[in-house]
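J.: Pasting structure.pdb below, which is PDB, C-alpha atoms and all ligand atoms.
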```
ATOM      1  CA  MET A   1     -11.393  13.753   9.245
ATOM      2  CA  THR A   2     -10.772  11.257  12.008
ATOM      3  CA  PRO A   3     -10.187  12.354  15.632
ATOM      4  CA  ASP A   4      -6.653  11.018  15.310
ATOM      5  CA  LEU A   5      -5.815  13.228  12.356
ATOM      6  CA  LEU A   6      -7.537  16.204  13.946
ATOM      7  CA  GLN A   7      -5.443  15.786  17.081
ATOM      8  CA  GLU A   8      -2.237  15.476  15.076
ATOM      9  CA  GLY A   9      -3.174  18.548  13.069
ATOM     10  CA  SER A  10      -3.886  20.616  16.160
ATOM     11  CA  GLN A  11      -0.582  19.549  17.715
ATOM     12  CA  ARG A  12       1.206  20.593  14.542
ATOM     13  CA  MET A  13      -0.553  23.955  14.584
ATOM     14  CA  GLU A  14       0.423  24.558  18.220
ATOM     15  CA  ALA A  15       4.044  23.653  17.520
ATOM     16  CA  HIS A  16       4.042  25.826  14.411
ATOM     17  CA  ALA A  17       2.542  28.759  16.317
ATOM     18  CA  ARG A  18       5.266  28.491  18.981
ATOM     19  CA  LEU A  19       7.977  28.526  16.325
ATOM     20  CA  ALA A  20       6.252  31.372  14.501
ATOM     21  CA  GLN A  21       6.318  33.483  17.684
ATOM     22  CA  GLN A  22      10.055  32.994  17.753
ATOM     23  CA  GLY A  23      10.319  33.749  14.038
ATOM     24  CA  GLN A  24      11.745  30.295  13.413
ATOM     25  CA  THR A  25       9.488  28.985  10.668
ATOM     26  CA  GLU A  26      10.549  28.686   7.042
ATOM     27  CA  SER A  27       8.379  31.707   6.320
ATOM     28  CA  GLY A  28      10.116  33.754   9.028
ATOM     29  CA  GLY A  29       7.115  33.683  11.349
ATOM     30  CA  ARG A  30       4.354  34.302   8.809
ATOM     31  CA  GLN A  31       1.543  31.773   8.647
ATOM     32  CA  ALA A  32       2.237  30.792   5.036
ATOM     33  CA  GLY A  33       2.436  27.086   5.845
ATOM     34  CA  PHE A  34      -1.308  26.823   6.446
ATOM     35  CA  GLY A  35      -2.340  28.085   3.050
ATOM     36  CA  ARG A  36      -1.156  25.029   1.090
ATOM     37  CA  VAL A  37      -2.976  24.703  -2.171
ATOM     38  CA  ALA A  38      -3.831  21.099  -2.950
ATOM     39  CA  GLN A  39      -2.320  20.054  -6.265
ATOM     40  CA  PRO A  40      -4.546  17.791  -8.389
ATOM     41  CA  GLY A  41      -3.122  14.273  -8.467
ATOM     42  CA  GLU A  42      -0.649  14.994  -5.694
ATOM     43  CA  VAL A  43      -0.781  12.818  -2.597
ATOM     44  CA  ASP A  44      -0.877  15.005   0.494
ATOM     45  CA  VAL A  45       1.520  13.497   3.031
ATOM     46  CA  THR A  46       1.842  16.559   5.252
ATOM     47  CA  HIS A  47       0.334  14.540   8.107
ATOM     48  CA  GLY A  48       3.128  12.000   7.766
ATOM     49  CA  ARG A  49       1.033   9.179   6.338
ATOM     50  CA  ILE A  50       0.755   7.833   2.827
ATOM     51  CA  LEU A  51      -1.787   5.196   3.761
ATOM     52  CA  TYR A  52      -4.306   5.309   6.551
ATOM     53  CA  LEU A  53      -6.915   2.727   7.458
ATOM     54  CA  GLU A  54      -9.211   3.053  10.424
ATOM     55  CA  ASP A  55     -11.754   0.622  11.824
ATOM     56  CA  VAL A  56     -12.062  -1.312   8.574
ATOM     57  CA  SER A  57     -14.217  -4.451   8.485
ATOM     58  CA  VAL A  58     -15.325  -6.791   5.729
ATOM     59  CA  SER A  59     -17.304 -10.031   5.953
ATOM     60  CA  PHE A  60     -17.685 -12.827   3.432
ATOM     61  CA  ASP A  61     -20.867 -14.842   4.056
ATOM     62  CA  GLY A  62     -20.846 -13.769   7.699
ATOM     63  CA  PHE A  63     -17.133 -14.536   8.211
ATOM     64  CA  LYS A  64     -15.155 -11.451   9.269
ATOM     65  CA  ALA A  65     -12.042 -11.553   7.065
ATOM     66  CA  ILE A  66     -11.065  -8.048   8.204
ATOM     67  CA  ASN A  67     -12.205  -7.027  11.652
ATOM     68  CA  GLN A  68     -11.948  -3.413  12.883
ATOM     69  CA  LEU A  69      -8.505  -3.088  11.355
ATOM     70  CA  SER A  70      -6.545   0.154  11.824
ATOM     71  CA  LEU A  71      -3.143   0.679  10.251
ATOM     72  CA  ASP A  72      -1.056   3.485   8.797
ATOM     73  CA  ILE A  73       2.128   3.730   6.756
ATOM     74  CA  ALA A  74       4.553   6.645   6.545
ATOM     75  CA  PRO A  75       5.838   8.027   3.233
ATOM     76  CA  GLY A  76       8.906   6.059   2.120
ATOM     77  CA  GLU A  77       8.341   3.358   4.713
ATOM     78  CA  LEU A  78       8.834  -0.342   3.994
ATOM     79  CA  ARG A  79       6.195  -2.066   6.119
ATOM     80  CA  CYS A  80       6.156  -5.823   6.477
ATOM     81  CA  ILE A  81       2.894  -7.629   7.164
ATOM     82  CA  ILE A  82       3.024 -11.152   8.533
ATOM     83  CA  GLY A  83       0.452 -13.518   9.965
ATOM     84  CA  PRO A  84      -1.070 -16.983   9.623
ATOM     85  CA  ASN A  85      -2.920 -18.244   6.552
ATOM     86  CA  GLY A  86      -6.350 -16.670   6.335
ATOM     87  CA  ALA A  87      -5.365 -13.723   8.581
ATOM     88  CA  GLY A  88      -6.633 -11.251   5.982
ATOM     89  CA  LYS A  89      -3.331 -10.053   4.482
ATOM     90  CA  THR A  90      -4.381 -10.427   0.854
ATOM     91  CA  THR A  91      -7.851  -9.114   1.656
ATOM     92  CA  LEU A  92      -6.201  -6.007   3.137
ATOM     93  CA  MET A  93      -4.480  -5.423  -0.218
ATOM     94  CA  ASP A  94      -7.777  -6.089  -2.025
ATOM     95  CA  ILE A  95      -9.375  -3.322   0.042
ATOM     96  CA  ILE A  96      -6.579  -0.807  -0.568
ATOM     97  CA  THR A  97      -6.649  -1.430  -4.326
ATOM     98  CA  GLY A  98     -10.440  -1.273  -4.611
ATOM     99  CA  LYS A  99     -10.892  -4.950  -5.517
ATOM    100  CA  THR A 100     -12.933  -5.517  -2.360
ATOM    101  CA  ARG A 101     -15.209  -2.917  -0.775
ATOM    102  CA  PRO A 102     -15.159  -2.912   3.025
ATOM    103  CA  ASP A 103     -18.485  -3.015   4.861
ATOM    104  CA  HIS A 104     -17.234  -0.372   7.256
ATOM    105  CA  GLY A 105     -14.270   1.941   7.889
ATOM    106  CA  THR A 106     -11.978   4.565   6.433
ATOM    107  CA  VAL A 107      -9.215   4.092   3.852
ATOM    108  CA  PHE A 108      -7.189   7.155   2.866
ATOM    109  CA  PHE A 109      -4.267   7.624   0.477
ATOM    110  CA  GLY A 110      -2.418  10.589   1.961
ATOM    111  CA  SER A 111      -4.723  12.805   4.008
ATOM    112  CA  THR A 112      -7.048  13.862   1.237
ATOM    113  CA  ILE A 113      -7.743  10.928  -1.102
ATOM    114  CA  ASP A 114     -10.605   8.744   0.128
ATOM    115  CA  LEU A 115      -9.843   5.469  -1.655
ATOM    116  CA  LEU A 116     -13.327   4.112  -1.039
ATOM    117  CA  ARG A 117     -14.620   6.622  -3.594
ATOM    118  CA  TYR A 118     -12.483   5.210  -6.405
ATOM    119  CA  ARG A 119     -12.648   2.148  -8.633
ATOM    120  CA  GLU A 120      -9.808  -0.353  -8.978
ATOM    121  CA  ALA A 121      -8.405   1.085 -12.244
ATOM    122  CA  GLU A 122      -8.579   4.633 -10.883
ATOM    123  CA  ILE A 123      -6.688   3.615  -7.729
ATOM    124  CA  ALA A 124      -3.860   2.226  -9.882
ATOM    125  CA  GLN A 125      -3.787   5.571 -11.727
ATOM    126  CA  LEU A 126      -3.558   7.427  -8.414
ATOM    127  CA  GLY A 127      -0.189   5.758  -7.811
ATOM    128  CA  ILE A 128      -0.833   2.482  -6.000
ATOM    129  CA  GLY A 129       0.868  -0.458  -7.722
ATOM    130  CA  ARG A 130       0.146  -4.054  -6.801
ATOM    131  CA  LYS A 131       2.172  -7.195  -7.374
ATOM    132  CA  PHE A 132       0.285 -10.467  -7.132
ATOM    133  CA  GLN A 133       2.069 -13.686  -6.229
ATOM    134  CA  LYS A 134       2.075 -15.202  -9.724
ATOM    135  CA  PRO A 135       4.183 -13.263 -12.246
ATOM    136  CA  THR A 136       2.071 -11.937 -15.101
ATOM    137  CA  VAL A 137       4.646 -10.783 -17.657
ATOM    138  CA  PHE A 138       4.137 -11.142 -21.412
ATOM    139  CA  GLU A 139       6.210 -14.247 -22.147
ATOM    140  CA  GLN A 140       6.385 -13.685 -25.940
ATOM    141  CA  LEU A 141       7.813 -10.187 -25.583
ATOM    142  CA  THR A 142      11.319  -9.138 -24.600
ATOM    143  CA  VAL A 143      12.164  -7.673 -21.212
ATOM    144  CA  PHE A 144      12.486  -4.248 -22.867
ATOM    145  CA  GLU A 145       9.108  -4.566 -24.604
ATOM    146  CA  ASN A 146       7.427  -5.613 -21.377
ATOM    147  CA  LEU A 147       8.702  -2.473 -19.640
ATOM    148  CA  GLU A 148       7.730  -0.345 -22.634
ATOM    149  CA  LEU A 149       4.250  -1.836 -22.588
ATOM    150  CA  ALA A 150       3.857  -0.835 -18.948
ATOM    151  CA  LEU A 151       3.769   2.802 -20.083
ATOM    152  CA  LYS A 152       1.099   2.359 -22.710
ATOM    153  CA  THR A 153      -2.549   3.066 -22.135
ATOM    154  CA  PRO A 154      -4.538  -0.043 -23.008
ATOM    155  CA  ARG A 155      -7.619   2.057 -23.780
ATOM    156  CA  ASP A 156      -6.390   3.026 -27.224
ATOM    157  CA  VAL A 157      -4.997   0.112 -29.222
ATOM    158  CA  VAL A 158      -4.030   2.190 -32.277
ATOM    159  CA  ALA A 159      -2.192   4.756 -30.164
ATOM    160  CA  ALA A 160      -0.417   1.907 -28.357
ATOM    161  CA  MET A 161       0.800   0.432 -31.685
ATOM    162  CA  PHE A 162       2.446   3.707 -32.691
ATOM    163  CA  PHE A 163       3.643   4.522 -29.208
ATOM    164  CA  LYS A 164       7.234   5.784 -29.058
ATOM    165  CA  LEU A 165       9.126   6.439 -25.867
ATOM    166  CA  ASP A 166      10.155  10.039 -25.334
ATOM    167  CA  SER A 167      13.644  10.644 -23.960
ATOM    168  CA  ALA A 168      12.500  10.921 -20.342
ATOM    169  CA  GLN A 169      10.650   7.620 -20.691
ATOM    170  CA  SER A 170      13.707   5.963 -22.290
ATOM    171  CA  ASP A 171      15.840   7.179 -19.411
ATOM    172  CA  ARG A 172      13.290   5.862 -16.954
ATOM    173  CA  LEU A 173      13.221   2.477 -18.705
ATOM    174  CA  LEU A 174      17.016   2.154 -18.552
ATOM    175  CA  GLU A 175      17.000   3.195 -14.906
ATOM    176  CA  VAL A 176      14.334   0.588 -14.085
ATOM    177  CA  LEU A 177      16.267  -2.108 -15.991
ATOM    178  CA  GLY A 178      19.258  -1.370 -13.761
ATOM    179  CA  THR A 179      17.170  -1.290 -10.587
ATOM    180  CA  ILE A 180      15.724  -4.757 -11.279
ATOM    181  CA  HIS A 181      19.130  -6.162 -12.352
ATOM    182  CA  LEU A 182      17.957  -7.045 -15.856
ATOM    183  CA  THR A 183      20.058  -4.654 -17.966
ATOM    184  CA  ASP A 184      21.938  -7.578 -19.526
ATOM    185  CA  CYS A 185      18.677  -9.378 -20.305
ATOM    186  CA  ALA A 186      16.870  -6.452 -22.001
ATOM    187  CA  SER A 187      16.521  -8.247 -25.351
ATOM    188  CA  ARG A 188      15.678 -11.677 -23.933
ATOM    189  CA  MET A 189      12.194 -13.140 -24.226
ATOM    190  CA  ALA A 190      10.465 -12.802 -20.863
ATOM    191  CA  GLY A 191       9.341 -16.433 -21.183
ATOM    192  CA  ASN A 192      13.001 -17.521 -20.967
ATOM    193  CA  LEU A 193      13.687 -15.759 -17.677
ATOM    194  CA  SER A 194      13.967 -17.603 -14.362
ATOM    195  CA  HIS A 195      11.022 -17.379 -11.944
ATOM    196  CA  GLY A 196      12.868 -14.760  -9.884
ATOM    197  CA  GLN A 197      13.740 -12.667 -12.924
ATOM    198  CA  LYS A 198      10.096 -12.716 -14.025
ATOM    199  CA  GLN A 199       9.102 -11.445 -10.605
ATOM    200  CA  TRP A 200      11.642  -8.606 -10.870
ATOM    201  CA  LEU A 201      10.419  -7.781 -14.365
ATOM    202  CA  GLU A 202       6.887  -7.501 -13.070
ATOM    203  CA  ILE A 203       8.091  -5.204 -10.288
ATOM    204  CA  GLY A 204       9.898  -3.220 -13.000
ATOM    205  CA  MET A 205       6.640  -2.902 -14.930
ATOM    206  CA  LEU A 206       5.043  -1.442 -11.823
ATOM    207  CA  LEU A 207       8.007   0.906 -11.328
ATOM    208  CA  MET A 208       7.573   2.263 -14.877
ATOM    209  CA  GLN A 209       4.344   3.857 -13.624
ATOM    210  CA  SER A 210       6.276   5.591 -10.795
ATOM    211  CA  PRO A 211       3.917   4.342  -8.072
ATOM    212  CA  LYS A 212       3.946   6.126  -4.735
ATOM    213  CA  LEU A 213       2.830   3.013  -2.874
ATOM    214  CA  LEU A 214       3.706  -0.560  -3.833
ATOM    215  CA  LEU A 215       1.832  -3.547  -2.447
ATOM    216  CA  LEU A 216       3.732  -6.828  -2.766
ATOM    217  CA  ASP A 217       2.029 -10.100  -1.860
ATOM    218  CA  GLU A 218       4.468 -12.962  -1.137
ATOM    219  CA  PRO A 219       7.107 -11.642  -3.557
ATOM    220  CA  VAL A 220       9.787 -14.262  -2.803
ATOM    221  CA  ALA A 221       7.571 -17.358  -2.864
ATOM    222  CA  GLY A 222       9.226 -19.936  -5.129
ATOM    223  CA  MET A 223      12.500 -18.019  -5.397
ATOM    224  CA  THR A 224      15.943 -19.529  -4.851
ATOM    225  CA  ASP A 225      17.934 -18.295  -1.833
ATOM    226  CA  GLU A 226      20.084 -16.136  -4.086
ATOM    227  CA  GLU A 227      17.040 -14.612  -5.817
ATOM    228  CA  THR A 228      15.493 -13.955  -2.399
ATOM    229  CA  GLU A 229      18.644 -12.102  -1.285
ATOM    230  CA  ARG A 230      18.619 -10.043  -4.470
ATOM    231  CA  THR A 231      14.970  -9.205  -3.918
ATOM    232  CA  ALA A 232      15.781  -8.008  -0.402
ATOM    233  CA  GLU A 233      18.434  -5.682  -1.866
ATOM    234  CA  LEU A 234      15.946  -4.473  -4.471
ATOM    235  CA  PHE A 235      13.293  -3.649  -1.868
ATOM    236  CA  LEU A 236      15.813  -1.841   0.329
ATOM    237  CA  SER A 237      16.816   0.248  -2.693
ATOM    238  CA  LEU A 238      13.142   1.137  -3.345
ATOM    239  CA  LYS A 239      12.511   2.181   0.261
ATOM    240  CA  GLY A 240      12.466   5.951   0.633
ATOM    241  CA  LYS A 241      11.700   6.510  -3.052
ATOM    242  CA  HIS A 242       8.421   4.622  -2.748
ATOM    243  CA  SER A 243       6.346   3.393   0.180
ATOM    244  CA  LEU A 244       6.092  -0.384   0.305
ATOM    245  CA  MET A 245       3.765  -2.868   1.963
ATOM    246  CA  VAL A 246       5.243  -6.354   1.817
ATOM    247  CA  VAL A 247       3.387  -9.516   2.826
ATOM    248  CA  GLU A 248       5.630 -12.553   3.319
ATOM    249  CA  HIS A 249       5.862 -15.840   5.214
ATOM    250  CA  ASP A 250       9.649 -16.106   4.685
ATOM    251  CA  MET A 251      11.006 -14.891   8.047
ATOM    252  CA  SER A 252      14.651 -14.620   6.994
ATOM    253  CA  PHE A 253      13.543 -12.375   4.136
ATOM    254  CA  ILE A 254      11.458 -10.293   6.559
ATOM    255  CA  GLN A 255      14.471 -10.066   8.851
ATOM    256  CA  SER A 256      16.661  -8.711   6.064
ATOM    257  CA  ILE A 257      14.265  -5.931   4.999
ATOM    258  CA  SER A 258      12.075  -5.010   7.955
ATOM    259  CA  ASP A 259      11.823  -1.883  10.064
ATOM    260  CA  ILE A 260       8.326  -2.176  11.481
ATOM    261  CA  VAL A 261       6.450  -5.467  11.248
ATOM    262  CA  THR A 262       2.667  -5.670  11.626
ATOM    263  CA  VAL A 263       1.216  -9.034  12.626
ATOM    264  CA  LEU A 264      -2.290  -9.673  11.352
ATOM    265  CA  CYS A 265      -4.494 -12.335  12.874
ATOM    266  CA  GLU A 266      -8.194 -12.941  12.299
ATOM    267  CA  GLY A 267      -8.474  -9.704  10.382
ATOM    268  CA  SER A 268      -6.998  -7.416  13.071
ATOM    269  CA  VAL A 269      -3.577  -6.173  14.133
ATOM    270  CA  LEU A 270      -2.333  -8.581  16.795
ATOM    271  CA  ALA A 271       1.065  -6.957  17.335
ATOM    272  CA  GLN A 272       3.364  -4.375  15.788
ATOM    273  CA  GLY A 273       7.006  -3.451  16.295
ATOM    274  CA  THR A 274      10.460  -4.541  15.222
ATOM    275  CA  LEU A 275      10.758  -8.184  14.159
ATOM    276  CA  ASP A 276      12.536  -8.945  17.459
ATOM    277  CA  GLN A 277       9.681  -7.384  19.404
ATOM    278  CA  VAL A 278       6.902  -9.241  17.609
ATOM    279  CA  GLN A 279       8.849 -12.520  17.658
ATOM    280  CA  ALA A 280       9.092 -12.236  21.448
ATOM    281  CA  ASP A 281       5.343 -11.601  21.789
ATOM    282  CA  GLU A 282       3.640 -14.642  23.353
ATOM    283  CA  ARG A 283       0.429 -14.144  21.374
ATOM    284  CA  VAL A 284       2.357 -14.010  18.092
ATOM    285  CA  ILE A 285       4.274 -17.178  18.981
ATOM    286  CA  GLU A 286       1.021 -18.908  19.815
ATOM    287  CA  VAL A 287      -0.905 -18.045  16.658
ATOM    288  CA  TYR A 288       1.877 -17.937  14.092
ATOM    289  CA  LEU A 289       5.545 -18.423  14.808
ATOM    290  CA  GLY A 290       5.235 -21.341  17.180
ATOM    291  CA  ARG A 291       3.394 -23.519  14.696
TER     292      ARG A 291
HETATM  293  N1  LIG A 301     -13.605 -12.984  -2.085
HETATM  294  C1  LIG A 301     -13.738 -13.788  -1.028
HETATM  295  N2  LIG A 301     -14.847 -14.506  -0.816
HETATM  296  C2  LIG A 301     -14.981 -15.305   0.272
HETATM  297  N3  LIG A 301     -14.033 -15.451   1.209
HETATM  298  C3  LIG A 301     -12.890 -14.776   1.047
HETATM  299  C4  LIG A 301     -12.665 -13.912  -0.087
HETATM  300  N4  LIG A 301     -11.434 -13.368   0.044
HETATM  301  C5  LIG A 301     -10.911 -13.874   1.175
HETATM  302  N5  LIG A 301     -11.766 -14.705   1.776
HETATM  303  C6  LIG A 301     -11.542 -15.395   3.062
HETATM  304  O1  LIG A 301     -11.057 -14.432   3.964
HETATM  305  C7  LIG A 301     -10.032 -14.967   4.801
HETATM  306  C8  LIG A 301      -8.776 -14.169   4.665
HETATM  307  O2  LIG A 301      -8.165 -14.503   3.434
HETATM  308  P1  LIG A 301      -6.820 -13.854   2.891
HETATM  309  O3  LIG A 301      -6.634 -14.412   1.542
HETATM  310  O4  LIG A 301      -6.907 -12.396   3.026
HETATM  311  O5  LIG A 301      -5.749 -14.441   3.914
HETATM  312  P2  LIG A 301      -4.174 -14.265   3.892
HETATM  313  O6  LIG A 301      -3.774 -13.652   5.197
HETATM  314  O7  LIG A 301      -3.750 -13.581   2.644
HETATM  315  O8  LIG A 301      -3.687 -15.794   3.891
HETATM  316  P3  LIG A 301      -2.433 -16.485   3.155
HETATM  317  O9  LIG A 301      -1.246 -16.281   4.065
HETATM  318  O10 LIG A 301      -2.833 -17.945   3.108
HETATM  319  O11 LIG A 301      -2.275 -15.890   1.806
HETATM  320  C9  LIG A 301      -9.898 -16.426   4.383
HETATM  321  O12 LIG A 301     -10.658 -17.214   5.264
HETATM  322  C10 LIG A 301     -10.468 -16.454   2.986
HETATM  323  O13 LIG A 301     -10.994 -17.725   2.686
HETATM  324 MG    MG A 302      -2.665 -14.154   0.977
END
```
Translate the structure of the given file into structure tokens.
Ligand SMILES: Nc1ncnc2c1ncn2[C@@H]1O[C@H](COP(=O)(O)OP(=O)(O)OP(=O)(O)O)[C@@H](O)[C@H]1O
Ligand SMILES: [Mg+2]
T.:
Amino acid sequence: MTPDLLQEGSQRMEAHARLAQQGQTESGGRQAGFGRVAQPGEVDVTHGRILYLEDVSVSFDGFKAINQLSLDIAPGELRCIIGPNGAGKTTLMDIITGKTRPDHGTVFFGSTIDLLRYREAEIAQLGIGRKFQKPTVFEQLTVFENLELALKTPRDVVAAMFFKLDSAQSDRLLEVLGTIHLTDCASRMAGNLSHGQKQWLEIGMLLMQSPKLLLLDEPVAGMTDEETERTAELFLSLKGKHSLMVVEHDMSFIQSISDIVTVLCEGSVLAQGTLDQVQADERVIEVYLGR
């Protein structure tokens, strides 16, 4: 465990002990809260973080794409990541999803899952969904079939052919269709959708897996203004139910969705705060906004 987590834990224990003395804990003063049994597959967010990176570095041919990067995200948070081209934003997502192994550092999902011990496919199974910039929906299938397919396990082709949704899965599919504003397009071929609708469908396919953390790399690139506004509404509706990390260059989009904005530059955090705060930061203006 990192010193940071240890300190937070000890502060929590002190606070809990004070409350316990006064009989004010949920357990009426007993120490039950410390005996939590870890549930397999459950992400432990009792320390208030769903994602935690500390001192992470990765080099490509001697070039430090990520340089002593530390960052954490709270459960249900929508975190925006901005920064100049080549800052390391996509590489950061590659590290979280297991596509790239860092040379150094710590990457935790909740407080107990060390992501560096898992492969890319396993990390997706743990509940981390990733949306790349280019939509990758199945153009020859309907919207409905695309969402249905997102539930199937590709390992077993025969099982996938005879796969039938159970009622909970059907309910989930209808709910996701509504969330991504494609209820009226359920029977349309995905290939006939607009660029923005394809992007929403792909987000819907991720949502079918009920991810705890969603990583979205330049989700509104190529969208019309109206599609961008709709996407902002969609992300705000996902906040709280999921944790989101959104990388974007579109500042008006960032403005409409952001709470905390992290500015990456040369593989490290240059600044962090509200959009107003980071936009007023001289260093941020120099390396990014003032271009
Ligand atoms: N697999 C790789 N092999 C070699 N170099 C890489 C690799 N991945 C990333 N890089 C380099 O690392 C740096 C960071 O790239 P990254 O794609 O993370 O930037 P970014 O912040 O996403 O930029 P953009 O805003 O243009 O998408 C770049 O200089 C890039 O060329
Ligand atoms: Mg990128």
J.: Here's a test: counting all atoms listed in the file, identify every protein, DNA and RNA residue with an atom at most 8 Å from (8.6, 7.6, 2.0) in the file's coordinate frame, and state them as a list of chain:residue names.
T.: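 Answer for this query, in the requested form: A:Ile50, A:Ala74, A:Pro75, A:Gly76, A:Glu77, A:Lys239, A:Gly240, A:Lys241, A:His242, A:Ser243.
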J.: What would the file look like if the residues just selected were written as a PDB file, keeping the file's coordinate frame with C-alpha atoms?
T.:
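As a result, part22.pdb now contains:
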```
ATOM      1  CA  ILE A  50       0.755   7.833   2.827  1.00  0.00           C
ATOM      2  CA  ALA A  74       4.553   6.645   6.545  1.00  0.00           C
ATOM      3  CA  PRO A  75       5.838   8.027   3.233  1.00  0.00           C
ATOM      4  CA  GLY A  76       8.906   6.059   2.120  1.00  0.00           C
ATOM      5  CA  GLU A  77       8.341   3.358   4.713  1.00  0.00           C
ATOM      6  CA  LYS A 239      12.511   2.181   0.261  1.00  0.00           C
ATOM      7  CA  GLY A 240      12.466   5.951   0.633  1.00  0.00           C
ATOM      8  CA  LYS A 241      11.700   6.510  -3.052  1.00  0.00           C
ATOM      9  CA  HIS A 242       8.421   4.622  -2.748  1.00  0.00           C
ATOM     10  CA  SER A 243       6.346   3.393   0.180  1.00  0.00           C
TER      11      SER A 243
END
```
J.: Carefully work through the PyMOL selection byres (((not hetatm)) within 8 of (chain A and resi 302)) for this structure and note down the residues it includes, as a ChimeraX atom specification.
T.: /A:85-86,88-91,217-218,247
J.: Expand the PyMOL selection byres (((not hetatm)) within 10 of (chain A and resi 301)) into the individual residues it matches in the shown file, reporting them as a PDB file with C-alpha atoms, in the coordinates of the input.
T.:
```
ATOM      1  CA  VAL A  58     -15.325  -6.791   5.729  1.00  0.00           C
ATOM      2  CA  SER A  59     -17.304 -10.031   5.953  1.00  0.00           C
ATOM      3  CA  PHE A  60     -17.685 -12.827   3.432  1.00  0.00           C
ATOM      4  CA  ASP A  61     -20.867 -14.842   4.056  1.00  0.00           C
ATOM      5  CA  GLY A  62     -20.846 -13.769   7.699  1.00  0.00           C
ATOM      6  CA  PHE A  63     -17.133 -14.536   8.211  1.00  0.00           C
ATOM      7  CA  LYS A  64     -15.155 -11.451   9.269  1.00  0.00           C
ATOM      8  CA  ALA A  65     -12.042 -11.553   7.065  1.00  0.00           C
ATOM      9  CA  ILE A  66     -11.065  -8.048   8.204  1.00  0.00           C
ATOM     10  CA  ILE A  81       2.894  -7.629   7.164  1.00  0.00           C
ATOM     11  CA  ILE A  82       3.024 -11.152   8.533  1.00  0.00           C
ATOM     12  CA  GLY A  83       0.452 -13.518   9.965  1.00  0.00           C
ATOM     13  CA  PRO A  84      -1.070 -16.983   9.623  1.00  0.00           C
ATOM     14  CA  ASN A  85      -2.920 -18.244   6.552  1.00  0.00           C
ATOM     15  CA  GLY A  86      -6.350 -16.670   6.335  1.00  0.00           C
ATOM     16  CA  ALA A  87      -5.365 -13.723   8.581  1.00  0.00           C
ATOM     17  CA  GLY A  88      -6.633 -11.251   5.982  1.00  0.00           C
ATOM     18  CA  LYS A  89      -3.331 -10.053   4.482  1.00  0.00           C
ATOM     19  CA  THR A  90      -4.381 -10.427   0.854  1.00  0.00           C
ATOM     20  CA  THR A  91      -7.851  -9.114   1.656  1.00  0.00           C
ATOM     21  CA  LEU A  92      -6.201  -6.007   3.137  1.00  0.00           C
ATOM     22  CA  MET A  93      -4.480  -5.423  -0.218  1.00  0.00           C
ATOM     23  CA  ASP A  94      -7.777  -6.089  -2.025  1.00  0.00           C
ATOM     24  CA  ILE A  95      -9.375  -3.322   0.042  1.00  0.00           C
ATOM     25  CA  LYS A  99     -10.892  -4.950  -5.517  1.00  0.00           C
ATOM     26  CA  THR A 100     -12.933  -5.517  -2.360  1.00  0.00           C
ATOM     27  CA  GLN A 133       2.069 -13.686  -6.229  1.00  0.00           C
ATOM     28  CA  ASP A 217       2.029 -10.100  -1.860  1.00  0.00           C
ATOM     29  CA  GLU A 218       4.468 -12.962  -1.137  1.00  0.00           C
ATOM     30  CA  VAL A 247       3.387  -9.516   2.826  1.00  0.00           C
ATOM     31  CA  GLU A 248       5.630 -12.553   3.319  1.00  0.00           C
ATOM     32  CA  HIS A 249       5.862 -15.840   5.214  1.00  0.00           C
ATOM     33  CA  LEU A 264      -2.290  -9.673  11.352  1.00  0.00           C
ATOM     34  CA  CYS A 265      -4.494 -12.335  12.874  1.00  0.00           C
ATOM     35  CA  GLU A 266      -8.194 -12.941  12.299  1.00  0.00           C
ATOM     36  CA  GLY A 267      -8.474  -9.704  10.382  1.00  0.00           C
TER      37      GLY A 267
END
```
J.: If you apply the PyMOL selection byres (((chain A and resi 222-237) around 9) and not hetatm) to this file, what residues do you get, as a PyMOL selection string?
T.: chain A and resi 78+179-181+195-197+200+219-221+238-241+244+253-254+256-257
J.: A:Glu122: which residues within 12 Å, counting only C-alpha atoms, same-chain residues fewer than 6 positions away excluded, as a PyMOL selection string?
T.: chain A and resi 41+96-99+113-116+128-129
J.: Please, could you write that set of residues out with C-alpha atoms as a compact mmCIF listing (two decimals), in the frame of the given file?
T.:
```txt
# COMPACT_ATOMS: atom_id res chain seq x y z
CA GLY A 41 -3.12 14.27 -8.47
CA ILE A 96 -6.58 -0.81 -0.57
CA THR A 97 -6.65 -1.43 -4.33
CA GLY A 98 -10.44 -1.27 -4.61
CA LYS A 99 -10.89 -4.95 -5.52
CA ILE A 113 -7.74 10.93 -1.10
CA ASP A 114 -10.60 8.74 0.13
CA LEU A 115 -9.84 5.47 -1.66
CA LEU A 116 -13.33 4.11 -1.04
CA ILE A 128 -0.83 2.48 -6.00
CA GLY A 129 0.87 -0.46 -7.72
```
J.: Counting all atoms listed in the file, which residues in stretch 61-153 of chain A sit no more than 9 Å from stretch 202-210 of chain A? For each one, give the nearest pair of atoms and the distance in Å, sorted by chain then residue number, as JSON lines.
T.:
```
{"residue": "A:Gln125", "atom": "CA", "partner": "A:Gln209", "partner_atom": "CA", "distance": 8.5}
{"residue": "A:Gly127", "atom": "CA", "partner": "A:Ser210", "partner_atom": "CA", "distance": 7.1}
{"residue": "A:Gly129", "atom": "CA", "partner": "A:Leu206", "partner_atom": "CA", "distance": 5.9}
{"residue": "A:Arg130", "atom": "CA", "partner": "A:Leu206", "partner_atom": "CA", "distance": 7.5}
{"residue": "A:Lys131", "atom": "CA", "partner": "A:Ile203", "partner_atom": "CA", "distance": 6.9}
{"residue": "A:Pro135", "atom": "CA", "partner": "A:Glu202", "partner_atom": "CA", "distance": 6.4}
{"residue": "A:Thr136", "atom": "CA", "partner": "A:Glu202", "partner_atom": "CA", "distance": 6.9}
{"residue": "A:Val137", "atom": "CA", "partner": "A:Glu202", "partner_atom": "CA", "distance": 6.1}
{"residue": "A:Asn146", "atom": "CA", "partner": "A:Met205", "partner_atom": "CA", "distance": 7.0}
{"residue": "A:Leu147", "atom": "CA", "partner": "A:Met205", "partner_atom": "CA", "distance": 5.2}
{"residue": "A:Glu148", "atom": "CA", "partner": "A:Met208", "partner_atom": "CA", "distance": 8.2}
{"residue": "A:Leu149", "atom": "CA", "partner": "A:Met205", "partner_atom": "CA", "distance": 8.1}
{"residue": "A:Ala150", "atom": "CA", "partner": "A:Met205", "partner_atom": "CA", "distance": 5.3}
{"residue": "A:Leu151", "atom": "CA", "partner": "A:Met208", "partner_atom": "CA", "distance": 6.5}
```
